[in-house]
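Asker: Sharing coords-v9.txt (compact mmCIF, C-alpha atoms and all ligand atoms) below.
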# COMPACT_ATOMS: atom_id res chain seq x y z
CA MET H 1 106.89 -66.39 -126.35
CA GLU H 2 105.91 -62.71 -126.21
CA LEU H 3 102.83 -61.20 -124.60
CA TYR H 4 100.93 -58.13 -125.76
CA ILE H 5 98.34 -56.52 -123.47
CA HIS H 6 95.94 -53.97 -124.93
CA ILE H 7 94.66 -51.08 -122.82
CA PRO H 8 92.17 -49.16 -124.98
CA PHE H 9 91.79 -45.98 -122.91
CA CYS H 10 92.91 -42.44 -123.72
CA ILE H 11 92.00 -39.05 -122.29
CA GLN H 12 90.89 -37.91 -125.73
CA LYS H 13 91.16 -39.20 -129.27
CA CYS H 14 94.03 -37.76 -131.32
CA LYS H 15 92.89 -36.56 -134.73
CA TYR H 16 95.04 -39.04 -136.68
CA CYS H 17 94.49 -42.08 -134.47
CA ASP H 18 93.02 -45.28 -135.86
CA PHE H 19 94.04 -47.49 -132.92
CA LEU H 20 91.38 -49.17 -130.83
CA SER H 21 91.24 -46.55 -128.10
CA GLY H 22 89.00 -43.91 -126.65
CA PRO H 23 87.93 -42.03 -123.55
CA TYR H 24 85.80 -44.38 -121.43
CA ASP H 25 84.45 -43.76 -117.91
CA ILE H 26 85.64 -45.39 -114.72
CA GLU H 27 82.92 -48.10 -114.76
CA MET H 28 84.13 -49.20 -118.17
CA ARG H 29 87.78 -49.17 -117.07
CA HIS H 30 86.85 -51.31 -114.09
CA ALA H 31 84.76 -53.76 -116.14
CA TYR H 32 87.46 -54.00 -118.82
CA THR H 33 90.21 -54.70 -116.28
CA ASP H 34 88.14 -57.56 -114.83
CA ALA H 35 87.43 -58.97 -118.29
CA LEU H 36 91.08 -58.69 -119.34
CA CYS H 37 92.25 -60.51 -116.20
CA ARG H 38 89.72 -63.24 -116.86
CA GLU H 39 90.98 -63.59 -120.41
CA ILE H 40 94.56 -63.93 -119.11
CA LEU H 41 93.45 -66.55 -116.57
CA SER H 42 91.56 -68.43 -119.28
CA VAL H 43 94.85 -69.34 -121.01
CA LYS H 44 96.35 -70.72 -117.80
CA ASP H 45 95.99 -74.40 -118.77
CA GLU H 46 97.61 -73.81 -122.14
CA PHE H 47 100.42 -71.50 -121.06
CA PHE H 48 101.01 -72.10 -117.35
CA HIS H 49 104.70 -71.44 -116.60
CA GLU H 50 105.37 -70.50 -120.22
CA LYS H 51 108.47 -68.30 -120.17
CA LEU H 52 107.90 -64.81 -121.56
CA SER H 53 110.79 -63.12 -123.32
CA SER H 54 108.94 -59.79 -123.49
CA ILE H 55 105.71 -58.11 -122.52
CA TYR H 56 104.34 -55.03 -124.24
CA ILE H 57 101.54 -53.08 -122.58
CA GLY H 58 100.17 -50.91 -125.36
CA GLY H 59 97.11 -48.91 -126.17
CA GLY H 60 95.63 -46.51 -125.83
CA THR H 61 97.37 -44.99 -122.89
CA PRO H 62 98.16 -47.68 -120.30
CA THR H 63 99.47 -45.05 -117.87
CA TRP H 64 96.04 -43.42 -117.84
CA LEU H 65 94.47 -46.59 -116.43
CA GLU H 66 94.26 -46.44 -112.64
CA VAL H 67 97.48 -47.80 -111.12
CA ALA H 68 95.49 -50.25 -108.95
CA TYR H 69 93.91 -51.75 -112.09
CA MET H 70 97.30 -52.08 -113.74
CA GLN H 71 98.55 -53.82 -110.62
CA GLN H 72 95.63 -56.27 -110.86
CA ILE H 73 96.55 -57.01 -114.49
CA MET H 74 100.25 -57.52 -113.75
CA ASP H 75 99.47 -59.73 -110.72
CA THR H 76 97.34 -61.88 -113.03
CA VAL H 77 100.13 -62.08 -115.61
CA HIS H 78 102.56 -63.15 -112.86
CA ALA H 79 100.10 -65.83 -111.69
CA VAL H 80 99.97 -67.45 -115.13
CA PHE H 81 103.37 -66.97 -116.78
CA ASP H 82 107.03 -67.17 -115.89
CA PHE H 83 109.29 -64.30 -116.88
CA ALA H 84 112.67 -64.88 -118.50
CA ASP H 85 115.46 -63.40 -116.34
CA ASP H 86 116.01 -60.62 -118.85
CA CYS H 87 112.34 -60.23 -119.79
CA GLU H 88 111.72 -56.82 -121.37
CA VAL H 89 108.51 -55.27 -120.02
CA THR H 90 107.47 -52.14 -121.91
CA MET H 91 104.62 -49.82 -121.04
CA GLU H 92 103.34 -47.12 -123.36
CA CYS H 93 102.86 -43.74 -121.74
CA ASN H 94 101.61 -40.33 -122.78
CA PRO H 95 103.03 -37.13 -121.29
CA GLY H 96 101.16 -35.91 -118.24
CA THR H 97 99.41 -39.22 -117.50
CA ALA H 98 101.89 -40.50 -114.89
CA GLY H 99 104.19 -38.94 -112.28
CA LEU H 100 107.03 -40.07 -110.05
CA GLU H 101 104.86 -42.09 -107.67
CA ALA H 102 103.11 -44.02 -110.46
CA PHE H 103 106.42 -44.68 -112.22
CA ARG H 104 107.88 -46.12 -109.01
CA ILE H 105 104.91 -48.48 -108.72
CA TYR H 106 105.29 -49.54 -112.36
CA ARG H 107 108.96 -50.30 -111.69
CA ASP H 108 107.95 -52.44 -108.70
CA MET H 109 105.49 -54.31 -110.94
CA GLY H 110 108.41 -55.27 -113.17
CA VAL H 111 108.01 -52.69 -115.94
CA ASN H 112 111.55 -51.91 -117.11
CA ARG H 113 111.01 -49.96 -120.32
CA LEU H 114 108.80 -46.98 -121.19
CA SER H 115 107.65 -45.80 -124.58
CA ILE H 116 106.55 -42.18 -124.41
CA GLY H 117 104.44 -40.65 -127.20
CA LEU H 118 105.71 -37.15 -127.90
CA GLN H 119 105.33 -36.78 -131.71
CA SER H 120 106.60 -33.18 -131.90
CA ALA H 121 108.32 -30.50 -129.82
CA HIS H 122 106.20 -27.74 -131.42
CA ALA H 123 103.04 -26.50 -129.72
CA GLU H 124 101.24 -25.82 -133.02
CA GLU H 125 102.00 -29.31 -134.36
CA LEU H 126 100.84 -30.97 -131.14
CA GLU H 127 97.66 -28.95 -131.27
CA CYS H 128 97.10 -29.80 -134.90
CA LEU H 129 97.46 -33.54 -134.09
CA GLY H 130 94.99 -33.23 -131.21
CA ARG H 131 97.57 -34.30 -128.61
CA ILE H 132 96.80 -33.69 -124.93
CA HIS H 133 100.18 -32.30 -123.91
CA THR H 134 102.88 -29.70 -124.45
CA PHE H 135 106.59 -30.30 -124.89
CA GLU H 136 107.20 -28.99 -121.34
CA LYS H 137 104.80 -31.60 -119.99
CA PHE H 138 106.70 -34.26 -121.89
CA LEU H 139 109.97 -33.08 -120.31
CA ARG H 140 108.46 -33.30 -116.80
CA THR H 141 107.17 -36.82 -117.51
CA PHE H 142 110.54 -37.91 -118.87
CA GLU H 143 112.33 -36.46 -115.84
CA ALA H 144 109.96 -38.24 -113.42
CA ALA H 145 110.54 -41.53 -115.25
CA ARG H 146 114.32 -41.11 -114.95
CA LYS H 147 113.96 -40.31 -111.23
CA ALA H 148 111.98 -43.52 -110.82
CA ASP H 149 114.97 -45.34 -112.28
CA PHE H 150 113.78 -46.04 -115.79
CA SER H 151 117.01 -46.46 -117.71
CA ASN H 152 115.40 -47.65 -120.93
CA ILE H 153 113.04 -45.09 -122.44
CA SER H 154 111.81 -44.77 -126.00
CA VAL H 155 110.29 -41.59 -127.46
CA ASP H 156 107.96 -41.51 -130.48
CA ILE H 157 108.20 -38.64 -132.93
CA MET H 158 106.49 -38.10 -136.29
CA SER H 159 107.42 -36.77 -139.70
CA ALA H 160 105.26 -35.66 -142.63
CA LEU H 161 103.02 -33.54 -140.42
CA PRO H 162 100.88 -30.80 -141.95
CA HIS H 163 102.99 -27.66 -142.47
CA GLN H 164 106.11 -29.46 -141.21
CA THR H 165 109.33 -27.98 -142.58
CA PRO H 166 112.78 -29.61 -142.42
CA GLU H 167 113.78 -26.99 -139.81
CA LYS H 168 110.85 -27.88 -137.57
CA LEU H 169 111.60 -31.59 -137.75
CA ILE H 170 115.28 -30.96 -136.99
CA GLN H 171 114.29 -28.84 -133.98
CA THR H 172 112.12 -31.68 -132.65
CA ILE H 173 114.97 -34.15 -133.11
CA GLN H 174 117.43 -31.78 -131.42
CA ALA H 175 115.09 -31.25 -128.47
CA VAL H 176 114.54 -34.99 -128.01
CA THR H 177 118.12 -36.18 -128.50
CA ARG H 178 119.35 -33.54 -126.02
CA ILE H 179 117.79 -35.56 -123.17
CA ARG H 180 119.24 -38.84 -124.57
CA PRO H 181 116.39 -41.36 -124.53
CA GLU H 182 117.75 -44.82 -125.30
CA HIS H 183 115.43 -45.36 -128.26
CA ILE H 184 113.56 -43.17 -130.76
CA SER H 185 110.84 -44.24 -133.20
CA CYS H 186 110.14 -41.89 -136.08
CA TYR H 187 107.10 -42.77 -138.18
CA ALA H 188 105.55 -40.72 -140.97
CA LEU H 189 102.00 -39.56 -140.38
CA MET H 190 99.49 -41.75 -142.22
CA ILE H 191 96.04 -40.45 -142.99
CA GLU H 192 93.80 -43.39 -142.12
CA GLU H 193 90.15 -43.74 -143.01
CA GLY H 194 87.81 -43.29 -140.06
CA THR H 195 89.97 -40.65 -138.34
CA GLU H 196 89.23 -36.96 -137.93
CA PHE H 197 92.28 -36.23 -140.09
CA TYR H 198 90.88 -38.33 -142.89
CA ASP H 199 87.83 -36.10 -143.09
CA LEU H 200 90.02 -33.00 -142.89
CA TYR H 201 92.72 -34.03 -145.33
CA HIS H 202 91.51 -36.77 -147.65
CA GLU H 203 90.92 -34.18 -150.34
CA ASP H 204 94.61 -33.46 -150.13
CA VAL H 205 95.48 -37.11 -150.42
CA VAL H 206 93.25 -37.45 -153.47
CA ARG H 207 94.82 -34.37 -155.02
CA ARG H 208 98.31 -35.60 -154.24
CA ASP H 209 97.60 -38.99 -155.80
CA LYS H 210 96.52 -37.17 -158.97
CA GLY H 211 99.77 -35.22 -158.98
CA LEU H 212 98.04 -31.90 -158.18
CA ASP H 213 99.25 -29.36 -155.62
CA THR H 214 98.10 -29.97 -152.08
CA LEU H 215 97.30 -27.48 -149.38
CA ASP H 216 98.54 -28.75 -146.09
CA LEU H 217 100.31 -32.09 -146.14
CA PRO H 218 103.86 -32.46 -147.40
CA ASP H 219 103.87 -33.88 -150.93
CA SER H 220 105.69 -37.14 -151.60
CA ASP H 221 109.01 -35.37 -152.38
CA MET H 222 108.89 -33.43 -149.14
CA GLU H 223 107.80 -36.55 -147.26
CA TYR H 224 110.87 -38.37 -148.58
CA ARG H 225 113.09 -35.39 -147.75
CA LEU H 226 111.78 -35.31 -144.18
CA TYR H 227 112.33 -39.05 -143.80
CA LYS H 228 115.94 -38.74 -144.98
CA ILE H 229 116.53 -35.72 -142.75
CA ALA H 230 115.23 -37.65 -139.72
CA GLN H 231 117.57 -40.54 -140.53
CA LYS H 232 120.61 -38.31 -140.93
CA GLU H 233 119.93 -36.15 -137.87
CA LEU H 234 119.37 -39.18 -135.65
CA GLU H 235 122.41 -41.04 -136.95
CA ASP H 236 124.56 -37.91 -136.53
CA ARG H 237 123.50 -37.90 -132.89
CA ARG H 238 124.62 -41.52 -132.38
CA TYR H 239 121.29 -43.26 -132.76
CA HIS H 240 121.77 -46.16 -135.10
CA ARG H 241 118.91 -47.30 -137.29
CA TYR H 242 118.05 -50.96 -136.73
CA GLU H 243 114.70 -50.95 -138.52
CA ILE H 244 113.09 -48.74 -141.16
CA SER H 245 111.64 -46.31 -138.58
CA ASN H 246 113.45 -47.24 -135.36
CA PHE H 247 116.71 -45.89 -133.94
CA CYS H 248 118.54 -46.55 -130.71
CA GLN H 249 121.69 -46.28 -128.68
CA GLU H 250 124.00 -49.30 -128.62
CA GLY H 251 122.20 -52.43 -127.41
CA LYS H 252 118.86 -50.72 -126.79
CA GLU H 253 116.84 -52.21 -129.64
CA CYS H 254 113.24 -53.02 -128.65
CA ARG H 255 113.27 -56.77 -128.04
CA HIS H 256 109.50 -57.08 -128.34
CA ASN H 257 109.42 -55.52 -131.80
CA ILE H 258 112.40 -57.54 -132.97
CA GLY H 259 110.49 -60.64 -131.84
CA TYR H 260 107.56 -59.53 -133.98
CA TRP H 261 109.77 -58.98 -137.05
CA LYS H 262 111.37 -62.38 -136.45
CA ARG H 263 107.96 -64.02 -136.12
CA ILE H 264 108.45 -65.24 -132.56
CA PRO H 265 105.06 -66.57 -131.34
CA TYR H 266 103.05 -63.99 -129.44
CA LEU H 267 99.86 -63.99 -127.46
CA GLY H 268 97.76 -60.82 -127.57
CA VAL H 269 95.15 -60.22 -124.88
CA GLY H 270 92.51 -57.52 -124.68
CA VAL H 271 90.05 -56.00 -127.09
CA GLY H 272 91.19 -56.19 -130.73
CA ALA H 273 94.48 -57.91 -129.83
CA ALA H 274 96.09 -60.29 -132.33
CA SER H 275 98.08 -63.47 -131.64
CA LEU H 276 100.39 -65.67 -133.68
CA LEU H 277 100.58 -69.14 -132.15
CA LYS H 278 101.70 -72.35 -133.86
CA GLU H 279 101.26 -70.75 -137.29
CA VAL H 280 97.67 -69.71 -136.63
CA ARG H 281 96.74 -66.04 -136.48
CA TYR H 282 93.97 -65.12 -134.07
CA SER H 283 92.13 -61.80 -133.73
CA ASN H 284 90.13 -60.77 -130.72
CA GLU H 285 86.71 -59.14 -130.69
CA ARG H 286 87.09 -55.43 -131.59
CA ASP H 287 83.96 -54.11 -129.89
CA ILE H 288 84.71 -53.43 -126.24
CA TYR H 289 81.12 -54.07 -125.10
CA GLU H 290 81.00 -57.38 -126.96
CA TYR H 291 84.45 -58.27 -125.63
CA ILE H 292 83.34 -57.80 -122.02
CA LYS H 293 80.05 -59.58 -122.65
CA LYS H 294 81.70 -62.60 -124.25
CA ILE H 295 84.20 -62.93 -121.42
CA GLY H 296 81.28 -62.71 -118.95
CA ASN H 297 79.47 -65.50 -120.84
CA ARG H 298 82.65 -67.62 -120.94
CA GLN H 299 82.66 -67.45 -124.74
CA SER H 300 85.81 -67.24 -126.83
CA VAL H 301 86.78 -63.68 -127.76
CA HIS H 302 88.45 -64.84 -130.97
CA VAL H 303 86.61 -63.53 -134.00
CA SER H 304 88.99 -65.05 -136.51
CA GLU H 305 91.43 -67.96 -136.66
CA GLU H 306 93.50 -68.06 -139.78
CA PRO H 307 95.97 -70.91 -140.33
CA ILE H 308 99.10 -69.71 -142.11
CA SER H 309 100.49 -71.89 -144.88
CA LYS H 310 104.21 -72.58 -145.11
CA GLN H 311 104.43 -70.34 -148.19
CA GLU H 312 102.74 -67.45 -146.36
CA ALA H 313 104.98 -67.95 -143.33
CA MET H 314 108.11 -67.81 -145.54
CA GLU H 315 106.88 -64.65 -147.29
CA GLU H 316 106.10 -63.02 -143.97
CA TYR H 317 109.52 -64.05 -142.65
CA MET H 318 111.16 -62.19 -145.52
CA TYR H 319 109.12 -59.01 -145.58
CA LEU H 320 109.16 -58.61 -141.82
CA GLY H 321 112.77 -59.72 -141.33
CA LEU H 322 114.10 -57.43 -144.04
CA ARG H 323 112.61 -54.41 -142.25
CA MET H 324 115.58 -54.74 -139.89
CA THR H 325 118.90 -53.31 -141.05
CA ASP H 326 120.59 -56.62 -140.11
CA GLY H 327 118.08 -58.42 -142.33
CA ILE H 328 117.79 -62.18 -142.15
CA THR H 329 120.30 -65.01 -142.16
CA ARG H 330 120.28 -67.96 -144.53
CA ASP H 331 120.93 -70.35 -141.62
CA GLU H 332 117.98 -69.15 -139.59
CA PHE H 333 115.72 -69.35 -142.62
CA PHE H 334 116.80 -72.94 -143.21
CA LYS H 335 116.40 -73.84 -139.53
CA GLU H 336 112.88 -72.44 -139.58
CA PHE H 337 111.61 -73.86 -142.88
CA HIS H 338 113.99 -76.75 -143.77
CA ILE H 339 114.54 -75.35 -147.23
CA THR H 340 117.10 -72.86 -148.49
CA VAL H 341 116.06 -69.25 -149.04
CA GLU H 342 117.43 -69.52 -152.61
CA ALA H 343 115.14 -72.44 -153.40
CA VAL H 344 112.11 -70.32 -152.52
CA PHE H 345 113.11 -66.75 -153.36
CA GLY H 346 116.16 -67.21 -155.63
CA SER H 347 114.81 -65.25 -158.59
CA VAL H 348 113.49 -62.37 -156.43
CA LEU H 349 116.82 -62.10 -154.62
CA GLU H 350 118.73 -62.09 -157.89
CA LYS H 351 116.50 -59.38 -159.35
CA LEU H 352 116.70 -57.17 -156.24
CA GLU H 353 120.45 -57.60 -155.96
CA LYS H 354 120.91 -56.57 -159.59
CA LYS H 355 118.89 -53.42 -158.84
CA LYS H 356 121.06 -52.83 -155.75
CA MET H 357 118.05 -53.02 -153.44
CA ILE H 358 119.48 -55.85 -151.34
CA ARG H 359 122.95 -57.10 -150.40
CA GLN H 360 124.06 -60.55 -149.46
CA TYR H 361 127.09 -60.78 -147.23
CA GLY H 362 128.43 -63.27 -144.67
CA GLY H 363 125.30 -65.42 -144.72
CA ARG H 364 123.07 -62.37 -144.27
CA ILE H 365 120.56 -60.83 -146.65
CA PHE H 366 119.62 -57.22 -145.98
CA LEU H 367 118.25 -54.13 -147.69
CA THR H 368 120.67 -51.50 -148.98
CA ASP H 369 120.03 -47.85 -148.13
CA THR H 370 118.25 -47.47 -151.47
CA GLY H 371 116.18 -50.57 -150.72
CA MET H 372 115.24 -49.16 -147.30
CA ASP H 373 114.14 -45.88 -148.93
CA ILE H 374 111.53 -47.68 -151.00
CA SER H 375 111.02 -50.60 -148.65
CA ASN H 376 107.28 -51.03 -149.30
CA GLN H 377 107.95 -51.60 -152.97
CA VAL H 378 110.94 -53.89 -152.35
CA LEU H 379 109.32 -55.99 -149.64
CA SER H 380 106.18 -56.53 -151.69
CA GLU H 381 108.36 -58.50 -154.15
CA PHE H 382 108.39 -61.37 -151.66
CA ILE H 383 104.63 -61.78 -151.72
CA VAL H 384 103.42 -64.12 -154.43
S1 LIG N 401 97.34 -41.22 -127.43
FE1 LIG N 401 97.84 -42.76 -128.99
S2 LIG N 401 96.25 -44.33 -128.81
FE2 LIG N 401 95.53 -42.51 -127.69
S3 LIG N 401 94.28 -41.43 -129.15
FE3 LIG N 401 96.34 -40.56 -129.30
S4 LIG N 401 97.37 -41.74 -130.91
FE4 LIG N 401 95.52 -42.87 -130.30
Go ahead and express the file in the form of structure tokens.
Ligand code: SF4

Answerer:
Amino acid sequence: MELYIHIPFCIQKCKYCDFLSGPYDIEMRHAYTDALCREILSVKDEFFHEKLSSIYIGGGTPTWLEVAYMQQIMDTVHAVFDFADDCEVTMECNPGTAGLEAFRIYRDMGVNRLSIGLQSAHAEELECLGRIHTFEKFLRTFEAARKADFSNISVDIMSALPHQTPEKLIQTIQAVTRIRPEHISCYALMIEEGTEFYDLYHEDVVRRDKGLDTLDLPDSDMEYRLYKIAQKELEDRRYHRYEISNFCQEGKECRHNIGYWKRIPYLGVGVGAASLLKEVRYSNERDIYEYIKKIGNRQSVHVSEEPISKQEAMEEYMYLGLRMTDGITRDEFFKEFHITVEAVFGSVLEKLEKKKMIRQYGGRIFLTDTGMDISNQVLSEFIV
């Protein structure tokens, strides 16, 4: 089983961010930590000694939470669960929110992987995104993490930023790969409703959807070009792609995310966290005040419980599993669902193979490069 812990605190809200996060005061951080620990303890009877294959502490900015509070959370996790010997424990971090001393304490807590949000090496792009840091600050954070013995670090960068040119994206990739993080995620900027960017740019999105010229955001052709450039530049620098937007050095794939794409059961704790347990999907309360209040009143924080039918589980298995470049195997599908993949998706597979969107080889089914390029379209074929 995997564990996800949500820490919803950030110094300030980035303009594109639609995650459950925000700048809260110290009283709130204290109250939330207590509530979160109580939620973890509340599952003790159900999961005592359950072995965790990975833990992901995400947010928000977990490294902005006081180290003592993080210690309290990790002590609680240790009191309830067992850790597999090779348990991957990732913590998300933003540049400038932790230094050498904090990193050493995180290491002592058992954190063995960091995921640092950089997004761009260009000051004007960082400013445009509403990020709190500069590239130099990122470098100092990265260096401190290395000094504290973190030998597994991921860096997030973004494509399809306003005004982004191929040259600028290449410069960001060059600057990041020069310091050789083990893993790089490269996602395209999405303009989500409810964000500051949505208000700023939704006119552009509307115009783009109508096929008209846009002002600031790359159009779909440029977006595609940037995506292909990122892939090529990263692969040229010996980062192999193992998922649509994720690249890494040999053997440094993110185990937690692979677990998610393989539908390994996961428990999510904290405000807004989701869980997938015994083919039921749970969602936690999304309002932080309500979350704390419910925990205080010993009420459940689940706001939805959605049983997943076998058909839905098989569809999800395909469209999540095929995000990975290795794809899925026939044997594993059969082991999971006691039916062959052909019996369920035979006609879809045949159609996609004819269009050269997927390949079947050695018991594996995976997307071709062309299939990866239009993955949303291809993967939607598996949903009835
Ligand atoms: S640092 Fe991440 S979680 Fe926090 S506001 Fe920015 S994008 Fe959102």

Asker: Within 8 Å of ligand LIG 401 (chain N), which residues show up when you count all atoms listed in the file? List them as number ranges by chain, please.

Answerer: H: 8-22, 59-61, 94, 117, 130-132

Asker: Mind checking which residues fall within 9 Å of Met357 of chain H, counting only C-alpha atoms, ignoring those fewer than 5 positions away in the same chain, and posting them as a VMD selection string?

Answerer: chain H and resid 351 to 352 366 to 372 374 to 375 378

Asker: Pick out the residues sitting within 12 Å of segment 199-211 of chain H, and hand them over as a PyMOL selection string; count all atoms listed in the file, and ignore anything fewer than 4 positions along from it in its own chain.

Answerer: chain H and resi 15-16+128-129+161-162+189-195+215-223

Asker: Please measure the separation of atom CA of Pro181 of chain H and atom CA of Tyr239 of chain H, giving the value in Å to one decimal.

Answerer: 9.8 Å

Asker: Tell me, in Å to one decimal, how far atom CA of Arg146 of chain H is from atom CA of Val111 of chain H.

Answerer: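 Going from atom CA of Arg146 of chain H over to atom CA of Val111 of chain H covers 13.2 Å.
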
Asker: Have a look at H:Gly96, H:Pro307, H:Gly270, H:Gly321 and name the one nearest to Arg38 of chain H; count only C-alpha atoms.

Answerer: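 Result for the nearest residue to Arg38 of chain H: H:Gly270.
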
Asker: Excluding Ser120 of chain H and its own-chain neighbours fewer than 3 positions away, which residues fall within 9 Å of it when counting all atoms listed in the file? Please give them as an mmCIF file with C-alpha atoms, keeping the file's coordinate frame.

Answerer:
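out.cif written:
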data_model
loop_
_atom_site.group_PDB
_atom_site.id
_atom_site.type_symbol
_atom_site.label_atom_id
_atom_site.label_comp_id
_atom_site.auth_asym_id
_atom_site.auth_seq_id
_atom_site.Cartn_x
_atom_site.Cartn_y
_atom_site.Cartn_z
ATOM 1 C CA ALA H 123 103.040 -26.500 -129.720
ATOM 2 C CA GLU H 125 102.000 -29.310 -134.360
ATOM 3 C CA LEU H 126 100.840 -30.970 -131.140
ATOM 4 C CA PHE H 135 106.590 -30.300 -124.890
ATOM 5 C CA ASP H 156 107.960 -41.510 -130.480
ATOM 6 C CA ILE H 157 108.200 -38.640 -132.930
ATOM 7 C CA MET H 158 106.490 -38.100 -136.290
ATOM 8 C CA SER H 159 107.420 -36.770 -139.700
ATOM 9 C CA LYS H 168 110.850 -27.880 -137.570
ATOM 10 C CA LEU H 169 111.600 -31.590 -137.750
ATOM 11 C CA THR H 172 112.120 -31.680 -132.650
ATOM 12 C CA ILE H 173 114.970 -34.150 -133.110
#

Asker: Measuring between all atoms listed in the file, which one of H:Pro166, H:Ile292, H:Cys254, H:Gly272 shows the shortest distance to Lys232 of chain H?

Answerer: H:Pro166

Asker: What does the distance from atom CA of Tyr32 of chain H to atom CA of Gln299 of chain H come to in Å, to one decimal?

Answerer: 15.5 Å

Asker: Centre and edge lengths, as AutoDock Vina command-line options, for the axis-aligned box enclosing every listed atom of segment 9-14 of chain H with 4 Å of padding on each of the six sides, in Å to one decimal?

Answerer:
--center_x 92.5 --center_y -41.9 --center_z -126.8 --size_x 11.1 --size_y 16.2 --size_z 17.0

Asker: Kindly indicate which residue among H:Glu66, H:Glu127, H:Asp149, H:Asp75 lies nearest to Thr97 of chain H, using all atoms listed in the file for the distances.

Answerer: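 The closest residue to Thr97 of chain H is H:Glu66.
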
Asker: Within 12 Å of Ala68 of chain H, counting only C-alpha atoms, which residues show up once you throw out same-chain ones fewer than 6 positions away? Write them as a list in words, please.

Answerer: Arg29, His30, Thr33, Asp34, Pro62, Met74, Asp75, Ala102, Ile105, Tyr106 and Met109 of chain H

Asker: Using all atoms listed in the file, which protein or nucleic acid residues come within 6 Å of segment 277-282 of chain H? Drop anything in the same chain fewer than 4 positions from it, and give the result as a tab-separated table (two decimals) with C-alpha atoms, keeping the file's coordinate frame.

Answerer:
chain	number	residue	atom	x	y	z
H	265	PRO	CA	105.06	-66.57	-131.34
H	304	SER	CA	88.99	-65.05	-136.51
H	305	GLU	CA	91.43	-67.96	-136.66
H	306	GLU	CA	93.50	-68.06	-139.78
H	307	PRO	CA	95.97	-70.91	-140.33
H	308	ILE	CA	99.10	-69.71	-142.11

Asker: Closest to Val341 of chain H among H:Ser151, H:Ser53, H:Gln311, H:Asn297, using all atoms listed in the file?

Answerer: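 Among the listed residues, the smallest separation from Val341 of chain H belongs to H:Gln311.
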
Asker: Let me make sure I understand: among H:Gly268, H:Gly251, H:Pro23, H:Gly110, which one has the smallest atom-to-atom distance to Leu36 of chain H if we use only C-alpha atoms?

Answerer: H:Gly268

Asker: Could you tell me which of H:Arg298, H:Arg180, H:Arg241, H:His256 comes closest to Ser42 of chain H if we count all atoms listed in the file?

Answerer: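 Of the candidates, the smallest distance to Ser42 of chain H is held by H:Arg298.
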